[in-house]
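First up is the structure itself, then whatever we jot down about it.
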Amino acid sequence: MTNTLIRGGTVVDGTGAPAFTADVRIADGRITEIGASLASRDGERVVDARGCCVTPGFIESHTHYDGTVWWQPDMDPVPGYGVTTVVMGNCGFAAAPLSDDEAARLEMVKIFSFFEDIPIEPFLQNVPWDWHSWPEYKQSLTSKVKVPVNYGIFVGHIAIRLAVMGMAAWERKATAEEISRMAKLLDEALGAGAMGLSTNQMDHDGDNRPIPTLHADDAEFEALLDVMLRHPGTTLQVIVDTFMRLTAPDTVERFERLTATRPVRVQLAGGTPTLYFQQEIAAKMLPLHEKHKREGRDIWSGYGHVAITSVLSLKKSLIFAQSNEYVWHEVVLAETAEEKLSLLKDPEWRARARDSWDNKAWAHSPFSPGADLHLLNSENGVGPVNITLREYAAQRGLHRADAMAEWFIANTVDSTVHMAPFPQNEDLVVSLIKDPLTVGNISDAGAHGQMLCGGGENMLLFTKYLKSGRITLEEAVHVQTGKLARHFGFSDIGEIKVGKRADLVVFNLDEIDYRPMRKVYDVPDGKGDQTWRWTRDPAPMRMTMVGGVPTFEAGGTTGNRPGAFLGVA
């Protein structure tokens with residue numbers, strides 16, 4: 001570790017306060033001095049930051065690197081986008097605790113793999129699974145995986161249910177004795193530094209089964225919330241449904257009631273819908289959010305600043321199932337390319353696919369009459385490409401379901417079809433960026449590797465919202481630094497202040513950009529070869545620094561991996 005003086009930059013300190021020109025001195029991984037024209041010292045490295053912003057490191061508030069860090073510890077591409085901390089264990093999906101029952105242990109992997117579109121093979125071959133309890137998981141992770149970013153981790157409610165109930169977690173509410181055991185597992189996880197509990201009140205699996213946590217009754221949540229009260233600073237993250245079955249208002253009112261006498265911080269992930277097709281549910285959710293502010297409730301609403309879009313892959317894709325398009329999901333579930341092609345060519349499957357497309361898929365899904373799908377990525381070049389599915393279907397005189405089947409047959413099942421972004425209410429996004437009780441910079445980085453690339457989406461706060469004059473530089477920084485650190489209880493990061501950890505970023509606003517996605521083949525496929533994922537070229541930052549150690553500099557990663565586990569305070 002080299003002591004460093006960052007000289008002459010525009011310091012945006014992460015608090016939302018006005019930027020100012022200053023030097024920042026770092027020693028032993030900490031910020032030790034902030035001021036004008038600081039004299040350099042012997043042995044101190046001097047970084048010229050003139051013309052650049054100097055900010056706290058960016059926090060990715062919602063990621064799914066839990067499994068990925070074991071086979072992709074470089075965390076590409078986030079160091080090149082100024083990220084110094086990621087939050088894992090979201091959505092109720094987590095790697096610990098584990099059941100003693102082998103089937104239930106495998107079920108946790110299957111759930112994680114299905115809902116986050118992460119190949120199951122590296123989960124089974126690259127993750128050691130040498131733990132049962134959450135503290136044992138933390139010990140294994142911190143001792144065996146070295147990464148370039150810090151990380152905080154929620155304990156997943158689904159994992160806790162499976163650890164206690166086994167496969168029955170899918171089917172019923174818990175008994176009093178099972179609830180007591182769940183509470184004990186949560187208590188030891190929070191005691192070991194878990195950020196809180198994440199629960200899922202939205203998802204259904206590929207067979208349309210409600211996720212195990214949808215079977216949790218009030219008695220179960222009351223017991224878990226009582227445990228959280230013994231661990232101040234922890235957060236209950238609740239995934240609410242503003243996208244599919246639209247149950248979010250009832251869910252919010254339930255947790256308002258459950259936390260009325262249990263003052264635990266609540267994060268409603270997806271709590272403030274910003275897409276135009278969600279206007280009806282937004283009309284119910286936004287008044288609830290305003291009520292929480294008026295009443296002084298510690299209930300924060302999560303939102304995305306990026307309009308949802310993704311890639312439809314026949315190899316690994318959640319989109320079909322989450323669109324209620326289970327006939328096409330059969331193709332995703334088929335194991336080999338030959339089996340997938342056989343379905344696509346089968347007249348009986350084709351008839352069911354047309355019916356499902358027309359009558360069963362959600363009205364707001366990519367398969368709705370008004371939606372556009374883009375044929376952009378042919379694996380063999382047969383094409384056509386750069387054309388919409390609607391145009392291709394019209395050219396061929398086919399139903400869109402048949403046209404997409406024909407296109408995949410011609411271009412191979414390794415090809416992908418791209419969704420157009422859902423139209424988004426940008427005025428609402430801007431108001432949420434400025435709102436004091438919201439959680440932003442949600443990206444799903446580390447998941448859905450063949451559908452999207454969440455890493456790097458934080459740059460849109462600068463390249464889109466700042467440059468268009470919709471928000472200030474201070475707001476663009478605050479929303480992904482100090483505001484998130486305060487929400488999560490990360491007392492040692494998120495602001496440029498003397499004594500804080502030296503997690504810092506230096507960048508020039510004229511140099512950074514939101515880079516396009518590109519394919520890289522570096523994901524183990526479990527057969528001795530590698531499959532692909534989406535990534536991005538660096539923004540780039542001039543420098544990303546974690547604990548005083550550069551992780552990205554001079555256009556590339558440094559190879560340093562000083563990331564550390566972060567508890568709450």
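Labels for the structure tokens follow display order: chains A, B, ..., residues from 1 in each chain, ligands from 1.
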Alpha helix (DSSP H) positions in region 305-465 of chain A, given as a PyMOL selection string = chain A and resi 319-322+326-333+337-345+347-359+389-396+400-411+426-434+460
Report the closest atom pair, with its distance in Å rounded to one decimal, for each residue of region 300-418 of chain A that has an atom no farther than 12 Å from region 512-521 of chain A; count only C-alpha atoms, sort by chain and then rising residue number, and write it as CSV.
residue,atom,partner,partner_atom,distance
A:Val306,CA,A:Tyr514,CA,11.6
A:Ser310,CA,A:Met517,CA,11.1
A:Val311,CA,A:Met517,CA,11.0
A:Asn377,CA,A:Lys519,CA,10.6
A:Glu379,CA,A:Lys519,CA,11.5
A:Ser415,CA,A:Lys519,CA,11.9
A:Thr416,CA,A:Lys519,CA,11.6
Could those selected residues go to a file with N, CA and C atoms, as a PDB file, in the first residue's frame?
ATOM      1  N   VAL A 306     -32.572   2.675 -15.152  1.00  0.00           N
ATOM      2  CA  VAL A 306     -32.402   2.154 -16.503  1.00  0.00           C
ATOM      3  C   VAL A 306     -33.692   1.457 -16.919  1.00  0.00           C
ATOM      4  N   SER A 310     -33.631  -6.595 -22.095  1.00  0.00           N
ATOM      5  CA  SER A 310     -32.745  -7.747 -21.952  1.00  0.00           C
ATOM      6  C   SER A 310     -32.734  -8.522 -23.252  1.00  0.00           C
ATOM      7  N   VAL A 311     -31.951  -9.581 -23.230  1.00  0.00           N
ATOM      8  CA  VAL A 311     -31.759 -10.425 -24.390  1.00  0.00           C
ATOM      9  C   VAL A 311     -32.471 -11.750 -24.148  1.00  0.00           C
ATOM     10  N   ASN A 377     -28.645 -10.591 -33.207  1.00  0.00           N
ATOM     11  CA  ASN A 377     -27.430 -11.337 -32.912  1.00  0.00           C
ATOM     12  C   ASN A 377     -27.531 -12.759 -33.472  1.00  0.00           C
ATOM     13  N   GLU A 379     -25.726 -16.131 -34.599  1.00  0.00           N
ATOM     14  CA  GLU A 379     -24.470 -16.813 -34.278  1.00  0.00           C
ATOM     15  C   GLU A 379     -23.754 -17.294 -35.533  1.00  0.00           C
ATOM     16  N   SER A 415     -28.057 -18.133 -31.024  1.00  0.00           N
ATOM     17  CA  SER A 415     -28.347 -16.735 -31.366  1.00  0.00           C
ATOM     18  C   SER A 415     -29.259 -16.137 -30.298  1.00  0.00           C
ATOM     19  N   THR A 416     -29.415 -14.820 -30.333  1.00  0.00           N
ATOM     20  CA  THR A 416     -30.248 -14.147 -29.332  1.00  0.00           C
ATOM     21  C   THR A 416     -31.131 -13.096 -30.000  1.00  0.00           C
TER      22      THR A 416
END
Report as JSON lines the residues of region 115-186 of chain A within 12 Å of region 75-98 of chain A, each with its shortest atom pair and distance in Å (one decimal), using only C-alpha atoms, ordered by chain and increasing residue number.
{"residue": "A:Phe115", "atom": "CA", "partner": "A:Phe93", "partner_atom": "CA", "distance": 8.7}
{"residue": "A:Glu116", "atom": "CA", "partner": "A:Phe93", "partner_atom": "CA", "distance": 8.9}
{"residue": "A:Phe123", "atom": "CA", "partner": "A:Ala95", "partner_atom": "CA", "distance": 10.0}
{"residue": "A:Leu124", "atom": "CA", "partner": "A:Ala95", "partner_atom": "CA", "distance": 11.9}
{"residue": "A:Val127", "atom": "CA", "partner": "A:Ala95", "partner_atom": "CA", "distance": 9.7}
{"residue": "A:Pro128", "atom": "CA", "partner": "A:Ala95", "partner_atom": "CA", "distance": 10.9}
{"residue": "A:Trp129", "atom": "CA", "partner": "A:Ala95", "partner_atom": "CA", "distance": 8.5}
{"residue": "A:Asp130", "atom": "CA", "partner": "A:Leu98", "partner_atom": "CA", "distance": 9.9}
{"residue": "A:Trp131", "atom": "CA", "partner": "A:Leu98", "partner_atom": "CA", "distance": 7.4}
{"residue": "A:His132", "atom": "CA", "partner": "A:Leu98", "partner_atom": "CA", "distance": 4.7}
{"residue": "A:Ser133", "atom": "CA", "partner": "A:Pro97", "partner_atom": "CA", "distance": 4.7}
{"residue": "A:Trp134", "atom": "CA", "partner": "A:Pro97", "partner_atom": "CA", "distance": 4.9}
{"residue": "A:Pro135", "atom": "CA", "partner": "A:Pro97", "partner_atom": "CA", "distance": 8.6}
{"residue": "A:Glu136", "atom": "CA", "partner": "A:Pro97", "partner_atom": "CA", "distance": 8.7}
{"residue": "A:Tyr137", "atom": "CA", "partner": "A:Ala96", "partner_atom": "CA", "distance": 6.3}
{"residue": "A:Lys138", "atom": "CA", "partner": "A:Ala96", "partner_atom": "CA", "distance": 8.8}
{"residue": "A:Gln139", "atom": "CA", "partner": "A:Ala96", "partner_atom": "CA", "distance": 11.6}
{"residue": "A:Ser140", "atom": "CA", "partner": "A:Ala96", "partner_atom": "CA", "distance": 11.2}
{"residue": "A:Leu141", "atom": "CA", "partner": "A:Ala95", "partner_atom": "CA", "distance": 10.3}
{"residue": "A:Val145", "atom": "CA", "partner": "A:Met75", "partner_atom": "CA", "distance": 11.4}
{"residue": "A:Lys146", "atom": "CA", "partner": "A:Met75", "partner_atom": "CA", "distance": 10.2}
{"residue": "A:Val147", "atom": "CA", "partner": "A:Met75", "partner_atom": "CA", "distance": 7.0}
{"residue": "A:Pro148", "atom": "CA", "partner": "A:Met75", "partner_atom": "CA", "distance": 7.1}
{"residue": "A:Val149", "atom": "CA", "partner": "A:Thr84", "partner_atom": "CA", "distance": 4.7}
{"residue": "A:Asn150", "atom": "CA", "partner": "A:Thr85", "partner_atom": "CA", "distance": 4.4}
{"residue": "A:Tyr151", "atom": "CA", "partner": "A:Val86", "partner_atom": "CA", "distance": 4.9}
{"residue": "A:Gly152", "atom": "CA", "partner": "A:Val87", "partner_atom": "CA", "distance": 4.9}
{"residue": "A:Ile153", "atom": "CA", "partner": "A:Met88", "partner_atom": "CA", "distance": 4.7}
{"residue": "A:Phe154", "atom": "CA", "partner": "A:Gly89", "partner_atom": "CA", "distance": 4.5}
{"residue": "A:Val155", "atom": "CA", "partner": "A:Gly89", "partner_atom": "CA", "distance": 5.9}
{"residue": "A:Gly156", "atom": "CA", "partner": "A:Gly92", "partner_atom": "CA", "distance": 4.0}
{"residue": "A:His157", "atom": "CA", "partner": "A:Gly92", "partner_atom": "CA", "distance": 5.0}
{"residue": "A:Ile158", "atom": "CA", "partner": "A:Gly92", "partner_atom": "CA", "distance": 5.2}
{"residue": "A:Ala159", "atom": "CA", "partner": "A:Pro97", "partner_atom": "CA", "distance": 5.9}
{"residue": "A:Ile160", "atom": "CA", "partner": "A:Pro97", "partner_atom": "CA", "distance": 6.0}
{"residue": "A:Arg161", "atom": "CA", "partner": "A:Pro97", "partner_atom": "CA", "distance": 9.2}
{"residue": "A:Leu162", "atom": "CA", "partner": "A:Leu98", "partner_atom": "CA", "distance": 7.4}
{"residue": "A:Ala163", "atom": "CA", "partner": "A:Leu98", "partner_atom": "CA", "distance": 5.0}
{"residue": "A:Val164", "atom": "CA", "partner": "A:Leu98", "partner_atom": "CA", "distance": 8.6}
{"residue": "A:Met165", "atom": "CA", "partner": "A:Leu98", "partner_atom": "CA", "distance": 10.8}
{"residue": "A:Gly166", "atom": "CA", "partner": "A:Leu98", "partner_atom": "CA", "distance": 9.6}
{"residue": "A:Arg181", "atom": "CA", "partner": "A:Pro97", "partner_atom": "CA", "distance": 11.8}
{"residue": "A:Met182", "atom": "CA", "partner": "A:Pro97", "partner_atom": "CA", "distance": 10.1}
{"residue": "A:Lys184", "atom": "CA", "partner": "A:Pro97", "partner_atom": "CA", "distance": 11.3}
{"residue": "A:Leu185", "atom": "CA", "partner": "A:Pro97", "partner_atom": "CA", "distance": 7.5}
{"residue": "A:Leu186", "atom": "CA", "partner": "A:Pro97", "partner_atom": "CA", "distance": 9.0}
Write a file of the selected residues as a PDB file, in the first residue's frame, keeping C-alpha atoms.
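Contents of the output file result28.pdb:
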ATOM      1  CA  PHE A 115     -34.098 -16.801 -11.182  1.00  0.00           C
ATOM      2  CA  GLU A 116     -30.761 -15.101 -11.832  1.00  0.00           C
ATOM      3  CA  PHE A 123     -22.183 -23.367  -9.138  1.00  0.00           C
ATOM      4  CA  LEU A 124     -21.642 -27.084  -8.678  1.00  0.00           C
ATOM      5  CA  VAL A 127     -18.114 -23.235  -5.448  1.00  0.00           C
ATOM      6  CA  PRO A 128     -16.715 -25.384  -2.600  1.00  0.00           C
ATOM      7  CA  TRP A 129     -19.954 -25.666  -0.578  1.00  0.00           C
ATOM      8  CA  ASP A 130     -17.837 -26.365   2.508  1.00  0.00           C
ATOM      9  CA  TRP A 131     -20.280 -24.739   4.921  1.00  0.00           C
ATOM     10  CA  HIS A 132     -23.682 -25.229   6.508  1.00  0.00           C
ATOM     11  CA  SER A 133     -24.142 -22.122   8.652  1.00  0.00           C
ATOM     12  CA  TRP A 134     -23.906 -18.516   7.486  1.00  0.00           C
ATOM     13  CA  PRO A 135     -20.817 -17.797   9.652  1.00  0.00           C
ATOM     14  CA  GLU A 136     -19.087 -20.799   8.047  1.00  0.00           C
ATOM     15  CA  TYR A 137     -20.012 -19.432   4.621  1.00  0.00           C
ATOM     16  CA  LYS A 138     -18.543 -16.051   5.491  1.00  0.00           C
ATOM     17  CA  GLN A 139     -15.327 -17.703   6.683  1.00  0.00           C
ATOM     18  CA  SER A 140     -14.981 -19.712   3.472  1.00  0.00           C
ATOM     19  CA  LEU A 141     -15.708 -16.723   1.233  1.00  0.00           C
ATOM     20  CA  VAL A 145     -11.939 -15.478  -2.617  1.00  0.00           C
ATOM     21  CA  LYS A 146     -10.011 -12.260  -3.218  1.00  0.00           C
ATOM     22  CA  VAL A 147     -11.836  -9.573  -5.173  1.00  0.00           C
ATOM     23  CA  PRO A 148     -11.221  -5.936  -6.185  1.00  0.00           C
ATOM     24  CA  VAL A 149     -14.351  -4.593  -4.456  1.00  0.00           C
ATOM     25  CA  ASN A 150     -15.789  -4.625  -0.955  1.00  0.00           C
ATOM     26  CA  TYR A 151     -18.979  -6.574  -0.387  1.00  0.00           C
ATOM     27  CA  GLY A 152     -21.878  -6.684   2.029  1.00  0.00           C
ATOM     28  CA  ILE A 153     -24.275  -9.621   2.092  1.00  0.00           C
ATOM     29  CA  PHE A 154     -27.913 -10.136   3.027  1.00  0.00           C
ATOM     30  CA  VAL A 155     -28.917 -13.529   4.384  1.00  0.00           C
ATOM     31  CA  GLY A 156     -31.611 -14.992   2.143  1.00  0.00           C
ATOM     32  CA  HIS A 157     -34.988 -15.952   3.562  1.00  0.00           C
ATOM     33  CA  ILE A 158     -35.365 -18.681   0.919  1.00  0.00           C
ATOM     34  CA  ALA A 159     -32.081 -20.230   2.032  1.00  0.00           C
ATOM     35  CA  ILE A 160     -33.187 -20.133   5.674  1.00  0.00           C
ATOM     36  CA  ARG A 161     -36.520 -21.783   4.860  1.00  0.00           C
ATOM     37  CA  LEU A 162     -34.890 -24.558   2.827  1.00  0.00           C
ATOM     38  CA  ALA A 163     -32.239 -25.118   5.505  1.00  0.00           C
ATOM     39  CA  VAL A 164     -34.944 -25.685   8.128  1.00  0.00           C
ATOM     40  CA  MET A 165     -37.869 -27.169   6.179  1.00  0.00           C
ATOM     41  CA  GLY A 166     -36.190 -28.926   3.276  1.00  0.00           C
ATOM     42  CA  ARG A 181     -35.003 -22.730  14.172  1.00  0.00           C
ATOM     43  CA  MET A 182     -35.213 -20.117  11.407  1.00  0.00           C
ATOM     44  CA  LYS A 184     -31.765 -19.010  15.374  1.00  0.00           C
ATOM     45  CA  LEU A 185     -30.174 -19.227  11.908  1.00  0.00           C
ATOM     46  CA  LEU A 186     -30.965 -15.570  11.245  1.00  0.00           C
TER      47      LEU A 186
END
Step one, run DSSP on the backbone; step two, keep only residues of region 144-364 of chain A assigned to strand (DSSP E); then write them as a VMD selection string.
-> chain A and resid 150 to 153 155 to 156 196 to 200 235 to 239 265 to 269 299 to 302 311 to 313
Selection above as a file: C-alpha atoms, as a CSV table (one decimal), in the first residue's frame:
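Below you can see selection.csv, which holds the result:
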chain,number,residue,atom,x,y,z
A,150,ASN,CA,-15.8,-4.6,-1.0
A,151,TYR,CA,-19.0,-6.6,-0.4
A,152,GLY,CA,-21.9,-6.7,2.0
A,153,ILE,CA,-24.3,-9.6,2.1
A,155,VAL,CA,-28.9,-13.5,4.4
A,156,GLY,CA,-31.6,-15.0,2.1
A,196,GLY,CA,-30.1,-8.1,7.2
A,197,LEU,CA,-32.7,-10.4,5.7
A,198,SER,CA,-33.8,-10.4,2.1
A,199,THR,CA,-37.2,-12.0,1.3
A,200,ASN,CA,-39.0,-12.5,-1.9
A,235,THR,CA,-32.4,-4.1,7.0
A,236,LEU,CA,-35.3,-6.1,5.8
A,237,GLN,CA,-35.3,-6.2,2.0
A,238,VAL,CA,-38.7,-7.1,0.5
A,239,ILE,CA,-39.0,-7.9,-3.2
A,265,ARG,CA,-35.5,-0.5,8.3
A,266,VAL,CA,-37.4,-1.9,5.3
A,267,GLN,CA,-36.3,-1.7,1.7
A,268,LEU,CA,-39.0,-2.3,-0.9
A,269,ALA,CA,-37.2,-3.5,-3.9
A,299,ILE,CA,-39.4,2.3,4.7
A,300,TRP,CA,-37.3,3.0,1.6
A,301,SER,CA,-38.4,2.4,-2.0
A,302,GLY,CA,-36.1,0.9,-4.6
A,311,VAL,CA,-31.8,-10.4,-24.4
A,312,LEU,CA,-33.9,-13.5,-25.0
A,313,SER,CA,-31.7,-16.6,-25.1
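Distance annotation: of A:Ala49, A:Ala334, A:Leu437, A:Val523, the residue with the minimal separation from His292 (chain A) is A:Leu437; atom set is only C-alpha atoms.
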Compile the contact shell of Ser378 (chain A) as a short mmCIF file (atom, residue, chain, number, x, y, z; two decimals) with N, CA and C atoms, in the first residue's frame: residues with an atom at most 7 Å away, counting only C-alpha atoms, same-chain residues fewer than 3 positions apart removed.
data_model
loop_
_atom_site.label_atom_id
_atom_site.label_comp_id
_atom_site.auth_asym_id
_atom_site.auth_seq_id
_atom_site.Cartn_x
_atom_site.Cartn_y
_atom_site.Cartn_z
N GLY A 381 -24.54 -15.97 -38.80
CA GLY A 381 -24.55 -14.95 -39.84
C GLY A 381 -25.58 -15.12 -40.93
N VAL A 382 -26.47 -16.11 -40.80
CA VAL A 382 -27.48 -16.32 -41.84
C VAL A 382 -28.45 -15.16 -41.90
N GLY A 383 -28.89 -14.69 -40.70
CA GLY A 383 -29.77 -13.54 -40.64
C GLY A 383 -31.20 -13.85 -41.07
N VAL A 385 -30.55 -9.78 -39.90
CA VAL A 385 -30.33 -9.09 -38.63
C VAL A 385 -30.64 -7.62 -38.81
N ASN A 411 -30.62 -19.54 -37.66
CA ASN A 411 -29.44 -18.86 -37.13
C ASN A 411 -28.78 -19.57 -35.96
N SER A 415 -28.06 -18.13 -31.02
CA SER A 415 -28.35 -16.74 -31.37
C SER A 415 -29.26 -16.14 -30.30
N THR A 416 -29.42 -14.82 -30.33
CA THR A 416 -30.25 -14.15 -29.33
C THR A 416 -31.13 -13.10 -30.00
#
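The interatomic distance for the pair CA of Ala36 (chain A) and CA of Leu473 (chain A) works out to 20.8 Å.
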Given the choices A:Leu389, A:Val439, A:Ile281, A:Ala539, which gets closest to His62 (chain A) if the distance is worked out from only C-alpha atoms?
-> A:Val439
Considering only C-alpha atoms, return as number ranges by chain whatever protein or nucleic-acid residues lie within 12 Å of region 322-326 of chain A, sequence-local ones (same chain, fewer than 2 positions apart) excluded.
-> A: 114-116, 202-209, 241, 243-245, 312, 317-320, 328-333, 349, 352-368, 401
Gly526 (chain A) surroundings by only C-alpha atoms, 10 Å radius, close-in-sequence under 2 positions cut, as JSON, numbers by chain = {"A": [119, 120, 121, 122, 123, 124, 125, 126, 523, 524, 528, 529, 530, 531]}
Those residues you just picked out, can you put them in a file as a CSV table (one decimal), in the first residue's frame with C-alpha atoms?
chain,number,residue,atom,x,y,z
A,119,PRO,CA,-25.4,-21.4,-15.4
A,120,ILE,CA,-25.7,-24.2,-12.8
A,121,GLU,CA,-22.5,-26.0,-13.7
A,122,PRO,CA,-20.0,-23.6,-12.3
A,123,PHE,CA,-22.2,-23.4,-9.1
A,124,LEU,CA,-21.6,-27.1,-8.7
A,125,GLN,CA,-18.0,-27.3,-9.8
A,126,ASN,CA,-16.4,-24.0,-8.8
A,523,VAL,CA,-17.9,-18.6,-18.0
A,524,PRO,CA,-17.1,-22.3,-17.1
A,528,GLY,CA,-14.1,-28.3,-19.6
A,529,ASP,CA,-15.0,-25.4,-22.0
A,530,GLN,CA,-16.4,-21.9,-21.6
A,531,THR,CA,-19.7,-20.3,-22.5
Near Pro212 (chain A), within 7 Å and counting only C-alpha atoms, which residues show up once chain neighbours fewer than 2 positions away are dropped, as a VMD selection string?
-> chain A and resid 158 169 to 170 210 214 to 215
Export of prior selection with C-alpha atoms as an mmCIF file, in the first residue's frame:
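Output file part.cif follows:
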data_model
loop_
_atom_site.group_PDB
_atom_site.id
_atom_site.type_symbol
_atom_site.label_atom_id
_atom_site.label_comp_id
_atom_site.auth_asym_id
_atom_site.auth_seq_id
_atom_site.Cartn_x
_atom_site.Cartn_y
_atom_site.Cartn_z
ATOM 1 C CA ILE A 158 -35.365 -18.681 0.919
ATOM 2 C CA ALA A 169 -40.503 -25.021 2.116
ATOM 3 C CA TRP A 170 -42.165 -24.983 -1.315
ATOM 4 C CA PRO A 210 -44.784 -19.685 -5.757
ATOM 5 C CA LEU A 214 -44.554 -16.696 -0.410
ATOM 6 C CA HIS A 215 -45.687 -19.416 2.021
#
Excluding same-chain residues fewer than 4 positions from Val54 (chain A), what lies within 12 Å of it counting only C-alpha atoms, as a ChimeraX atom specification?
-> /A:5-14,19-25,34,47-50,58,82,473-474,477,495-496,502-509,541-545
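The shortest atom-to-atom distance to Thr213 (chain A), with only C-alpha atoms taken into account, belongs to A:Lys173 out of A:Lys345, A:Lys173, A:Arg41, A:His305.
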Atom-to-atom span, CA of Gln395 (chain A) and CA of Met451 (chain A), Å |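 Here the two named atoms are 26.9 Å from each other.
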